[in-house]
Amino acid sequence: MSDKSKKQTGIAKTTRLIMASVILSGIGSALGATMALAKDPVHAVAVMYHRFGENKYPSTNIRLEQFETHLNILSADKFNVVSLDTIVNALKSGTPLPAKTIAITIDDAYASVFTEAWPRMQAKGWPMTVFVATEAVDEKRPGYMTWDQIRTLRDAGVTIGAHTKSHAHLARMDKVDALTEIAASNARFKTELGQVPTLFAYPYGEANSETLDLIKRSYVAAFGQHSGVLSSKDNDYYLPRYALNENYGDADRFKLVINTKPLPVTDIVPSNPTLAHNPPTFGFTVTDPALPLNTLNCYGSNPGTTTTEKLGTRIEVRLSDAFTGTRGRINCTVMDRQGTWRWFGQLYYIPENLRTSAVKDD
């Protein structure tokens with residue numbers, strides 16, 4: 001090969017190397033940008049119970065052997081069990097939480113919380129949160145805790161949250177009645193506990209846009225009953241919790257939900273937790289483009305089929321049939337590239353005029 005040919009060959013090789021370097025640099029920058037977008041927000045899991053060992057009420061009860069299994073799983077897998085207000089403070093401040101952080105929450109203040117759940121939590125040295133509807137306690141209804149028992153829990157470090165006065169369907173009330181419920185509850189807490197709770201849980205998980213605005217006036221954060229992972233990107237006044245009962249409390253499901261991470265979304269439609277149309281035109285945008293959205297699936301609690309359409313990072317979900325009950329759920333999941341399930345769920349209240357059949361309010 002002549003000197004001239006060698007020189008031309010060398011120039012060509014150098015050019016190819018420079019081009020390859022530029023391409024790789026661009027790929028690296030793109031990957032870096034994707035990684036930055038893929039960074040998870042501050043997040044944690046909250047689970048929700050009602051009754052313990054009250055087997056006459058399977059829809060709201062967890063059997064004692066199931067609950068003990070749950071606690072043993074949390075111990076064996078070294079979960080970081082903290083109070084719900086600890087998580088809320090972290091979500092609001094953006095302070096990172098340790099991996100596997102979880103809060104145990106309980107609605108309605110049934111007596112079995114005090115006699116069954118609390119001793120088992122004490123044995124583990126773990127905190128919990130109890131949301132109390134004050135009227136049942138005031139009226140000394142059978143099967144509910146007393147104010148003395150609630151004070152005992154409070155003094156032992158249990159977080160006490162608000163749950164309205166009468167366990168009200170807030171989404172079905174006008175503004176004045178809803179405000180009366182909230183004010184009456186807060187007044188009773190002030191009298192009995194010396195302070196008003198900072199956390200609130202919607203009875204039945206039902207809310208609407210106006211209710212969310214009312215709750216902001218009295219509380220730091222509020223929780224529904226829709227499935228999903230608590231995230232700093234969520235609405236602080238409609239945060240998710242995984243509901244557990246006899247039918248949805250086996251060990252496999254428990255392990256599944258406590259190990260989920262958030263499916264980060266924005267631009268949720270409809271944004272109002274009370275429907276204006278049934279079935280709804282449901283959609284959202286996924287903010288993490290690194291997730292394999294081709295494997296994302298959504299499921300509705302309505303009796304028909306659910307179709308999920310992916311338009312880039314925009315997800316559109318269509319339900320073939322209307323929701324038939326007083327509440328409808330949509331859950332969307334995708335497994336990320338690390339093998340972890342990402343979860344996003346919504347619960348919608350269906351007004352009476354939009355129900356397809358006569359359904360007794362519960």
# chains A, B, ... in the order shown; residues from 1 in each chain; ligands from 1
$ closest_atom_pairs --of "range 119-201 of chain A" --to "range 262-274 of chain A" --cutoff "12 Å" --atoms "only C-alpha atoms" --output "tab-separated table"
residue	atom	partner	partner_atom	distance
A:His169	CA	A:Thr274	CA	11.8
A:Leu170	CA	A:Thr274	CA	10.8
A:Ala171	CA	A:Thr274	CA	7.2
A:Arg172	CA	A:Thr274	CA	9.4
$ residues_around --residues "range 275-283 of chain A" --least-positions-apart "3" --cutoff "7 Å" --atoms "only C-alpha atoms" --output "ChimeraX atom specification"
/A:268-270,272,315-319,321-323,348-350,354
$ select_by_dssp --residues "range 68-183 of chain A" --states "strand (DSSP E)" --output "JSON, numbers by chain"
{"A": [80, 81, 101, 102, 103, 104, 105, 106, 107, 129, 130, 131, 132, 159, 160, 161, 162]}
$ residues_around --residues "Leu97 in chain A" --least-positions-apart "4" --cutoff "8 Å" --atoms "only C-alpha atoms" --output "ChimeraX atom specification"
/A:42-44,87,90,101
$ closest_atom_pairs --of "range 229-307 of chain A" --to "range 52-68 of chain A" --cutoff "7 Å" --atoms "only C-alpha atoms" --output "JSON lines"
{"residue": "A:Asn245", "atom": "CA", "partner": "A:Ile62", "partner_atom": "CA", "distance": 4.7}
{"residue": "A:Glu246", "atom": "CA", "partner": "A:Ile62", "partner_atom": "CA", "distance": 4.9}
{"residue": "A:Gly249", "atom": "CA", "partner": "A:Gln66", "partner_atom": "CA", "distance": 6.7}
{"residue": "A:Asp250", "atom": "CA", "partner": "A:Gln66", "partner_atom": "CA", "distance": 6.7}
$ closest_atom_pairs --of "range 23-102 of chain A" --to "range 200-206 of chain A" --cutoff "12 Å" --atoms "only C-alpha atoms" --output "tab-separated table"
residue	atom	partner	partner_atom	distance
A:Met48	CA	A:Ala201	CA	10.5
A:His50	CA	A:Tyr204	CA	11.4
A:Thr60	CA	A:Tyr204	CA	11.2
A:Leu84	CA	A:Phe200	CA	11.0
A:Asp85	CA	A:Phe200	CA	10.9
A:Val88	CA	A:Phe200	CA	11.7
$ write_last_selection --atoms "N, CA and C atoms" --output "short mmCIF file (atom, residue, chain, number, x, y, z; two decimals), in the first residue's frame"
data_model
loop_
_atom_site.label_atom_id
_atom_site.label_comp_id
_atom_site.auth_asym_id
_atom_site.auth_seq_id
_atom_site.Cartn_x
_atom_site.Cartn_y
_atom_site.Cartn_z
N MET A 48 -54.56 -0.94 54.47
CA MET A 48 -55.74 -0.54 55.25
C MET A 48 -56.51 -1.77 55.71
N HIS A 50 -59.85 -3.01 58.66
CA HIS A 50 -61.02 -2.55 59.42
C HIS A 50 -61.18 -3.37 60.71
N THR A 60 -65.03 -6.74 55.52
CA THR A 60 -64.23 -5.75 56.23
C THR A 60 -63.29 -6.38 57.26
N LEU A 84 -47.97 6.80 59.77
CA LEU A 84 -48.43 7.40 58.53
C LEU A 84 -48.01 8.87 58.44
N ASP A 85 -48.00 9.57 59.57
CA ASP A 85 -47.59 10.97 59.51
C ASP A 85 -46.11 11.13 59.16
N VAL A 88 -46.20 11.03 55.42
CA VAL A 88 -46.77 12.27 54.88
C VAL A 88 -45.75 13.39 54.94
#
$ closest_residue --among "A:Arg314, A:Lys216, A:Lys39, A:Lys78" --to "Asn259 in chain A" --atoms "only C-alpha atoms"
A:Lys78
$ closest_residue --among "A:Pro197, A:Pro289, A:Gly345, A:Gly339" --to "Val132 in chain A" --atoms "only C-alpha atoms"
A:Pro197
$ atom_distance --atom1 "CA of Leu296 in chain A" --atom2 "CA of Gly325 in chain A"
26.0 Å
$ residues_around --residues "range 137-150 of chain A" --least-positions-apart "3" --cutoff "10 Å" --atoms "only C-alpha atoms" --output "number ranges by chain"
A: 51, 54, 108-115, 130, 132-134, 153-156, 158-160, 165-166, 188-189, 192-193
$ write_last_selection --atoms "C-alpha atoms" --output "short mmCIF file (atom, residue, chain, number, x, y, z; two decimals), in the first residue's frame"
data_model
loop_
_atom_site.label_atom_id
_atom_site.label_comp_id
_atom_site.auth_asym_id
_atom_site.auth_seq_id
_atom_site.Cartn_x
_atom_site.Cartn_y
_atom_site.Cartn_z
CA ARG A 51 -61.84 -5.50 61.70
CA GLU A 54 -64.56 -10.74 63.39
CA ASP A 108 -63.59 2.85 61.89
CA ALA A 109 -62.23 2.20 65.42
CA TYR A 110 -63.79 -1.22 65.96
CA ALA A 111 -63.12 -2.81 69.35
CA SER A 112 -61.03 -5.55 67.77
CA VAL A 113 -58.46 -2.91 66.87
CA PHE A 114 -57.76 -2.50 70.57
CA THR A 115 -58.13 -6.14 71.64
CA VAL A 130 -56.47 4.52 63.40
CA VAL A 132 -62.04 7.29 64.04
CA ALA A 133 -65.65 8.22 63.20
CA THR A 134 -66.64 9.94 66.45
CA LEU A 153 -53.64 4.07 72.01
CA ARG A 154 -52.83 7.76 71.51
CA ASP A 155 -50.66 7.81 74.64
CA ALA A 156 -48.81 4.71 73.41
CA VAL A 158 -50.70 5.41 67.85
CA THR A 159 -51.62 8.13 65.36
CA ILE A 160 -55.33 8.99 65.57
CA LYS A 165 -68.66 12.26 62.66
CA SER A 166 -71.14 9.68 61.34
CA ARG A 188 -65.20 15.92 69.63
CA PHE A 189 -61.51 15.19 69.08
CA GLU A 192 -61.63 14.08 74.13
CA LEU A 193 -58.01 14.17 72.96
#
